[in-house]
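Asks: Starting off with a structure, shown below.
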Amino acid sequence: MSQSFTHDPQSHSLADYGWDEACEHAFTSHRAAGLIPARIARADRGSCQAVTDAGIVRADIPGTADLGDSSSAPCTGDWVALRPATGGRAPVLLATLERRTALVRSSSSRTSHGQVLAANVDTVVVTVSLAARLKHGRTERMLALAWESGARPVVVLTKADACADPASAEEQVSGVAAGVDVLVTSAVTGQGLDTLTAVVSGTVVLLGPSGAGKSTLGNRLLGEDRLPTGAVREADGKGRHTTSWRELLPLPGGGVLLDTPGLRAIGLHDAQDGLEQTFTEIEHLAQACRFTDCAHENEPGCAVLAAVETGEIPRRRLDSYHRLLRENAYSASRTDARLRADREATKKDITRHLRATYQFRENRK
């Protein structure tokens with residue numbers, strides 16, 4: 001398979017990809033075992049491209065990896081331990097270091113497992129195009145995903161040059177992004193790009209739908225056109241998936257960029273903390289409700305409903321909160337059901353094994 005990187009991998013060290021003292025400490029036992037550290041730059045089925053101090057290598061992922069659970073399978077951004085190449089054989093991934101952060105969405109396969117989009121991320125750039133109608137519900141969903149990851153979210157409004165009133169759009173989005181920097185940018189005029197470069201740090205992931213301008217924004221951060229870009233339909237502002245995989249690229253000012261494919265669906269997976277952070281004003285008002293288990297639907301003495309009536313909180317905002325809570329609760333129930341099913345399957349395996357043992361003993365009498 002051809003390499004997707006256009007930069008010279010030999011000119012970068014692991015430190016350029018985020019390796020630090022904490023990583024070195026976590027890797028102590030692996031180094032003693034003769035393994036080498038690496039960071040996954042691109043994960044494929046059964047193998048991955050991994051960055052090492054000697055450059056980028058293709059390493060095999062053994063069948064012992066838990067491929068049945070996509071949340072535990074190696075992914076882009078993971079720090080891993082590789083057995084070096086020997087006897088003409090490719091390096092082998094033998095261990096994955098504990099993730100500091102993980103951007104996880106509900107699996108597209110509709111299983112109870114989550115899908116890890118990126119690991120060990122420091123900044124999540126939520127991209128919102130100003131060339132299309134604002135969809136606050138989608139922005140709230142992406143923010144919940146970002147907050148839950150443990151990384152710091154930043155909302156970037158792209159294509160300001162195609163918007164009649166960027167200031168009004170910024171005010172609207174700021175209303176659904178409490179505690180988050182909201183930046184107005186334009187790749188055409190250069191507006192806001194210097195500020196964005198100063199705000200993001202560490203491993204930076206671009207998150208958003210196709211057509212939001214992620215790849216164009218990434219190219220501005222990289223200082224050159226490394227990421228492919230495509231046209232957007234004028235009718236609905238949607239674009240084609242010009243990025244078809246996730247990969248890591250060092251940024252010229254330090255840090256690493258992780259570009260992701262446009263997400264058609266962003267399902268929540270065990271994101272209760274992320275929802276509470278996204279809807280922090282509702283969570284704060286809820287403390288003044290008469291009942292501690294108030295659902296903010298029709299209960300008397302509900303401080304949240306009172307805020308809706310006075311216009312302090314838009315009804316749309318509360319409806320979105322309820323909708324995402326229900327979705328997250330459903331996801332959690334599926335996970336619990338899967339865990340129960342796994343336990344029952346284990347019990348059945350043990351029972352079958354015991355029966356076979358007893359039958360074998362009976363046949364020997």
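Chain labels run A, B, ... following the order of the structure tokens; each chain numbers its residues from 1, and ligands are numbered from 1 in the order shown.
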Within 12 Å of segment 193-209 of chain A, which residues of segment 126-182 of chain A come that close, and what is the closest atom pair and distance in Å for each? Count only C-alpha atoms and give it as a Markdown table.

Replies:
| residue | atom | partner | partner_atom | distance |
| --- | --- | --- | --- | --- |
| A:Val126 | CA | A:Leu207 | CA | 5.0 |
| A:Thr127 | CA | A:Gly208 | CA | 5.2 |
| A:Val128 | CA | A:Gly208 | CA | 6.9 |
| A:Ser129 | CA | A:Gly208 | CA | 9.1 |
| A:Ala132 | CA | A:Pro209 | CA | 11.6 |
| A:Lys135 | CA | A:Pro209 | CA | 11.2 |
| A:Arg138 | CA | A:Gly208 | CA | 9.1 |
| A:Thr139 | CA | A:Gly208 | CA | 8.7 |
| A:Glu140 | CA | A:Gly208 | CA | 11.6 |
| A:Arg141 | CA | A:Gly208 | CA | 10.5 |
| A:Met142 | CA | A:Gly208 | CA | 7.6 |
| A:Leu143 | CA | A:Leu207 | CA | 9.7 |
| A:Leu145 | CA | A:Leu207 | CA | 9.8 |
| A:Ala146 | CA | A:Leu207 | CA | 8.8 |
| A:Ser149 | CA | A:Val205 | CA | 11.5 |
| A:Ala151 | CA | A:Val204 | CA | 9.4 |
| A:Arg152 | CA | A:Val200 | CA | 9.0 |
| A:Pro153 | CA | A:Val200 | CA | 9.3 |
| A:Val154 | CA | A:Val200 | CA | 7.9 |
| A:Val155 | CA | A:Leu207 | CA | 9.6 |
| A:Val156 | CA | A:Leu196 | CA | 8.1 |
| A:Leu157 | CA | A:Leu196 | CA | 10.7 |
| A:Thr158 | CA | A:Leu193 | CA | 10.0 |
| A:Lys159 | CA | A:Leu193 | CA | 11.5 |
| A:Ala160 | CA | A:Leu193 | CA | 11.6 |
| A:Val180 | CA | A:Val199 | CA | 11.3 |
| A:Asp181 | CA | A:Val199 | CA | 8.6 |
| A:Val182 | CA | A:Leu196 | CA | 9.7 |

Asks: If you count only C-alpha atoms, which residues fall within 8 Å of segment 94-103 of chain A, apart from same-chain ones fewer than 5 positions away, as an MDAnalysis selection string?

Replies: chainID A and resid 26:27 61:62 74 78:83 116:122 145:146 148:151

Asks: If you count only C-alpha atoms, which residues fall within 12 Å of Leu324 of chain A, apart from same-chain ones fewer than 6 positions away, as a VMD selection string?

Replies: chain A and resid 137 to 145 266 to 272 274 to 276 278 to 279 317 to 318 330 to 331

Asks: The selected residues should be written to file as a PDB file, in the first residue's frame (atoms: N, CA and C atoms).

Replies:
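The resulting file, selection.pdb, is reproduced below:
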ATOM      1  N   GLY A 137     -28.311  21.891  16.921  1.00  0.00           N
ATOM      2  CA  GLY A 137     -28.388  20.554  17.512  1.00  0.00           C
ATOM      3  C   GLY A 137     -27.157  19.729  17.182  1.00  0.00           C
ATOM      4  N   ARG A 138     -26.673  19.835  15.955  1.00  0.00           N
ATOM      5  CA  ARG A 138     -25.475  19.094  15.550  1.00  0.00           C
ATOM      6  C   ARG A 138     -24.246  19.626  16.276  1.00  0.00           C
ATOM      7  N   THR A 139     -24.175  20.945  16.436  1.00  0.00           N
ATOM      8  CA  THR A 139     -23.053  21.537  17.164  1.00  0.00           C
ATOM      9  C   THR A 139     -23.039  21.058  18.611  1.00  0.00           C
ATOM     10  N   GLU A 140     -24.212  21.029  19.249  1.00  0.00           N
ATOM     11  CA  GLU A 140     -24.299  20.539  20.626  1.00  0.00           C
ATOM     12  C   GLU A 140     -23.885  19.080  20.729  1.00  0.00           C
ATOM     13  N   ARG A 141     -24.265  18.309  19.745  1.00  0.00           N
ATOM     14  CA  ARG A 141     -23.905  16.886  19.723  1.00  0.00           C
ATOM     15  C   ARG A 141     -22.385  16.723  19.641  1.00  0.00           C
ATOM     16  N   MET A 142     -21.741  17.481  18.733  1.00  0.00           N
ATOM     17  CA  MET A 142     -20.295  17.389  18.586  1.00  0.00           C
ATOM     18  C   MET A 142     -19.570  17.899  19.828  1.00  0.00           C
ATOM     19  N   LEU A 143     -20.128  18.920  20.474  1.00  0.00           N
ATOM     20  CA  LEU A 143     -19.521  19.428  21.702  1.00  0.00           C
ATOM     21  C   LEU A 143     -19.599  18.398  22.826  1.00  0.00           C
ATOM     22  N   ALA A 144     -20.730  17.697  22.927  1.00  0.00           N
ATOM     23  CA  ALA A 144     -20.861  16.648  23.948  1.00  0.00           C
ATOM     24  C   ALA A 144     -19.818  15.568  23.710  1.00  0.00           C
ATOM     25  N   LEU A 145     -19.608  15.216  22.439  1.00  0.00           N
ATOM     26  CA  LEU A 145     -18.603  14.227  22.074  1.00  0.00           C
ATOM     27  C   LEU A 145     -17.214  14.718  22.473  1.00  0.00           C
ATOM     28  N   ILE A 266     -23.272  11.207  14.089  1.00  0.00           N
ATOM     29  CA  ILE A 266     -22.468  11.369  15.296  1.00  0.00           C
ATOM     30  C   ILE A 266     -23.306  10.893  16.473  1.00  0.00           C
ATOM     31  N   GLY A 267     -23.347   9.583  16.673  1.00  0.00           N
ATOM     32  CA  GLY A 267     -24.116   9.027  17.773  1.00  0.00           C
ATOM     33  C   GLY A 267     -23.346   9.113  19.077  1.00  0.00           C
ATOM     34  N   LEU A 268     -24.056   9.420  20.159  1.00  0.00           N
ATOM     35  CA  LEU A 268     -23.413   9.518  21.466  1.00  0.00           C
ATOM     36  C   LEU A 268     -23.223   8.128  22.063  1.00  0.00           C
ATOM     37  N   HIS A 269     -22.117   7.976  22.801  1.00  0.00           N
ATOM     38  CA  HIS A 269     -21.830   6.705  23.460  1.00  0.00           C
ATOM     39  C   HIS A 269     -21.323   6.995  24.868  1.00  0.00           C
ATOM     40  N   ASP A 270     -22.157   6.716  25.870  1.00  0.00           N
ATOM     41  CA  ASP A 270     -21.763   6.912  27.268  1.00  0.00           C
ATOM     42  C   ASP A 270     -21.184   8.308  27.473  1.00  0.00           C
ATOM     43  N   ALA A 271     -21.970   9.332  27.117  1.00  0.00           N
ATOM     44  CA  ALA A 271     -21.474  10.710  27.125  1.00  0.00           C
ATOM     45  C   ALA A 271     -22.186  11.584  28.147  1.00  0.00           C
ATOM     46  N   GLN A 272     -22.522  11.026  29.313  1.00  0.00           N
ATOM     47  CA  GLN A 272     -23.258  11.785  30.317  1.00  0.00           C
ATOM     48  C   GLN A 272     -22.491  13.021  30.768  1.00  0.00           C
ATOM     49  N   GLY A 274     -20.156  14.601  29.173  1.00  0.00           N
ATOM     50  CA  GLY A 274     -20.070  15.537  28.062  1.00  0.00           C
ATOM     51  C   GLY A 274     -21.347  16.330  27.881  1.00  0.00           C
ATOM     52  N   LEU A 275     -22.499  15.692  28.096  1.00  0.00           N
ATOM     53  CA  LEU A 275     -23.785  16.389  27.997  1.00  0.00           C
ATOM     54  C   LEU A 275     -23.936  17.406  29.112  1.00  0.00           C
ATOM     55  N   GLU A 276     -23.531  17.038  30.298  1.00  0.00           N
ATOM     56  CA  GLU A 276     -23.631  17.971  31.423  1.00  0.00           C
ATOM     57  C   GLU A 276     -22.773  19.199  31.177  1.00  0.00           C
ATOM     58  N   THR A 278     -21.870  20.329  28.145  1.00  0.00           N
ATOM     59  CA  THR A 278     -22.430  21.053  26.998  1.00  0.00           C
ATOM     60  C   THR A 278     -23.630  21.892  27.404  1.00  0.00           C
ATOM     61  N   PHE A 279     -24.465  21.352  28.281  1.00  0.00           N
ATOM     62  CA  PHE A 279     -25.667  22.059  28.730  1.00  0.00           C
ATOM     63  C   PHE A 279     -25.486  22.507  30.180  1.00  0.00           C
ATOM     64  N   ARG A 317     -33.272  24.725  22.959  1.00  0.00           N
ATOM     65  CA  ARG A 317     -32.116  24.258  23.734  1.00  0.00           C
ATOM     66  C   ARG A 317     -32.533  23.149  24.708  1.00  0.00           C
ATOM     67  N   LEU A 318     -33.641  23.326  25.383  1.00  0.00           N
ATOM     68  CA  LEU A 318     -34.116  22.312  26.326  1.00  0.00           C
ATOM     69  C   LEU A 318     -34.550  21.054  25.571  1.00  0.00           C
ATOM     70  N   TYR A 330     -30.348   5.396  25.947  1.00  0.00           N
ATOM     71  CA  TYR A 330     -30.574   4.207  25.121  1.00  0.00           C
ATOM     72  C   TYR A 330     -29.255   3.512  24.810  1.00  0.00           C
ATOM     73  N   SER A 331     -28.226   4.306  24.488  1.00  0.00           N
ATOM     74  CA  SER A 331     -26.907   3.741  24.206  1.00  0.00           C
ATOM     75  C   SER A 331     -26.374   3.001  25.423  1.00  0.00           C
TER      76      SER A 331
END

Asks: Would you please extract all strand (DSSP E or B) residues from segment 46-246 of chain A, as assigned by DSSP on the backbone, and give them as a PyMOL selection string?

Replies: chain A and resi 47-52+55-60+79-83+86+89+92-96+102-106+114-119+123-129+152-158+181-184+203-207+232+239

Asks: Which residue is closest to Ala164 of chain A? Choose from A:Ala131, A:Arg315, A:Cys294, A:Thr185 and count only C-alpha atoms.

Replies: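 Of all the options, A:Ala131 lies closest to Ala164 of chain A.
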
Asks: Between A:Val188, A:Leu222, A:Leu134, A:Leu325, which residue has the minimum interatomic distance to Gln172 of chain A, considering only C-alpha atoms?

Replies: A:Leu134

Asks: List every residue of segment 112-288 of chain A that DSSP, applied to the backbone, labels as alpha helix (DSSP H), and write the result as an NGL selection string.

Replies: :A and (136-149 or 166-174 or 193-199 or 214-222 or 272-278 or 280-286)

Asks: Keeping only C-alpha atoms, write the selected residues to a file as a PDB file, in the first residue's frame.

Replies:
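Ended up saving to part-v3.pdb:
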ATOM      1  CA  HIS A 136     -27.291  24.072  16.593  1.00  0.00           C
ATOM      2  CA  GLY A 137     -28.388  20.554  17.512  1.00  0.00           C
ATOM      3  CA  ARG A 138     -25.475  19.094  15.550  1.00  0.00           C
ATOM      4  CA  THR A 139     -23.053  21.537  17.164  1.00  0.00           C
ATOM      5  CA  GLU A 140     -24.299  20.539  20.626  1.00  0.00           C
ATOM      6  CA  ARG A 141     -23.905  16.886  19.723  1.00  0.00           C
ATOM      7  CA  MET A 142     -20.295  17.389  18.586  1.00  0.00           C
ATOM      8  CA  LEU A 143     -19.521  19.428  21.702  1.00  0.00           C
ATOM      9  CA  ALA A 144     -20.861  16.648  23.948  1.00  0.00           C
ATOM     10  CA  LEU A 145     -18.603  14.227  22.074  1.00  0.00           C
ATOM     11  CA  ALA A 146     -15.630  16.567  22.497  1.00  0.00           C
ATOM     12  CA  TRP A 147     -16.192  17.283  26.207  1.00  0.00           C
ATOM     13  CA  GLU A 148     -16.650  13.579  26.956  1.00  0.00           C
ATOM     14  CA  SER A 149     -13.307  12.783  25.333  1.00  0.00           C
ATOM     15  CA  PRO A 166     -20.748  36.499  10.642  1.00  0.00           C
ATOM     16  CA  ALA A 167     -21.109  38.463  13.884  1.00  0.00           C
ATOM     17  CA  SER A 168     -24.719  37.326  14.324  1.00  0.00           C
ATOM     18  CA  ALA A 169     -23.738  33.725  13.584  1.00  0.00           C
ATOM     19  CA  GLU A 170     -20.945  33.921  16.151  1.00  0.00           C
ATOM     20  CA  GLU A 171     -23.407  35.192  18.767  1.00  0.00           C
ATOM     21  CA  GLN A 172     -25.843  32.349  18.028  1.00  0.00           C
ATOM     22  CA  VAL A 173     -23.201  29.637  18.230  1.00  0.00           C
ATOM     23  CA  SER A 174     -21.714  31.135  21.388  1.00  0.00           C
ATOM     24  CA  LEU A 193      -6.392  31.894  11.281  1.00  0.00           C
ATOM     25  CA  ASP A 194      -3.620  33.463  13.377  1.00  0.00           C
ATOM     26  CA  THR A 195      -5.887  33.356  16.418  1.00  0.00           C
ATOM     27  CA  LEU A 196      -6.741  29.719  15.755  1.00  0.00           C
ATOM     28  CA  THR A 197      -3.050  28.790  15.514  1.00  0.00           C
ATOM     29  CA  ALA A 198      -2.463  30.435  18.882  1.00  0.00           C
ATOM     30  CA  VAL A 199      -5.466  28.755  20.555  1.00  0.00           C
ATOM     31  CA  LYS A 214     -11.979  20.801   7.745  1.00  0.00           C
ATOM     32  CA  SER A 215      -9.342  19.885   5.176  1.00  0.00           C
ATOM     33  CA  THR A 216      -8.975  23.480   3.991  1.00  0.00           C
ATOM     34  CA  LEU A 217      -8.620  24.591   7.592  1.00  0.00           C
ATOM     35  CA  GLY A 218      -6.081  21.832   8.171  1.00  0.00           C
ATOM     36  CA  ASN A 219      -4.024  22.979   5.200  1.00  0.00           C
ATOM     37  CA  ARG A 220      -3.887  26.501   6.635  1.00  0.00           C
ATOM     38  CA  LEU A 221      -2.658  25.120   9.966  1.00  0.00           C
ATOM     39  CA  LEU A 222      -0.069  22.980   8.160  1.00  0.00           C
ATOM     40  CA  GLN A 272     -23.258  11.785  30.317  1.00  0.00           C
ATOM     41  CA  ASP A 273     -20.405  14.001  31.517  1.00  0.00           C
ATOM     42  CA  GLY A 274     -20.070  15.537  28.062  1.00  0.00           C
ATOM     43  CA  LEU A 275     -23.785  16.389  27.997  1.00  0.00           C
ATOM     44  CA  GLU A 276     -23.631  17.971  31.423  1.00  0.00           C
ATOM     45  CA  GLN A 277     -20.720  20.135  30.286  1.00  0.00           C
ATOM     46  CA  THR A 278     -22.430  21.053  26.998  1.00  0.00           C
ATOM     47  CA  THR A 280     -24.008  23.499  31.807  1.00  0.00           C
ATOM     48  CA  GLU A 281     -26.589  26.270  32.292  1.00  0.00           C
ATOM     49  CA  ILE A 282     -29.426  23.740  32.451  1.00  0.00           C
ATOM     50  CA  GLU A 283     -27.475  21.589  34.907  1.00  0.00           C
ATOM     51  CA  HIS A 284     -26.853  24.668  37.040  1.00  0.00           C
ATOM     52  CA  LEU A 285     -30.503  25.732  37.059  1.00  0.00           C
ATOM     53  CA  ALA A 286     -31.582  22.174  37.882  1.00  0.00           C
TER      54      ALA A 286
END

Asks: Do you know which residues are at most 10 Å from Gly254 of chain A counting only C-alpha atoms, after dropping those on the same chain fewer than 2 positions away, and could you put them as a list in words?

Replies: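 Near neighbours after the sequence-gap exclusion: Ala15, Asp16, Tyr17, Gly18, Ser201, Gly202, Thr203, Pro250, Leu251, Pro252, Val256 and Leu257 of chain A.
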
Asks: Write out as a list in words each polymer residue whose atoms come within 7 Å of Arg58 of chain A, counting only C-alpha atoms; drop sequence neighbours fewer than 3 positions from it.

Replies: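 Everything that qualifies: Ser47, Cys48, Gln49, Ala50 and Ala90 of chain A.
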
Asks: So how many Å separate atom CA of Pro91 of chain A and atom CA of Ala59 of chain A, to one decimal?

Replies: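 If I compute the distance from atom CA of Pro91 of chain A to atom CA of Ala59 of chain A, I get 4.7 Å.
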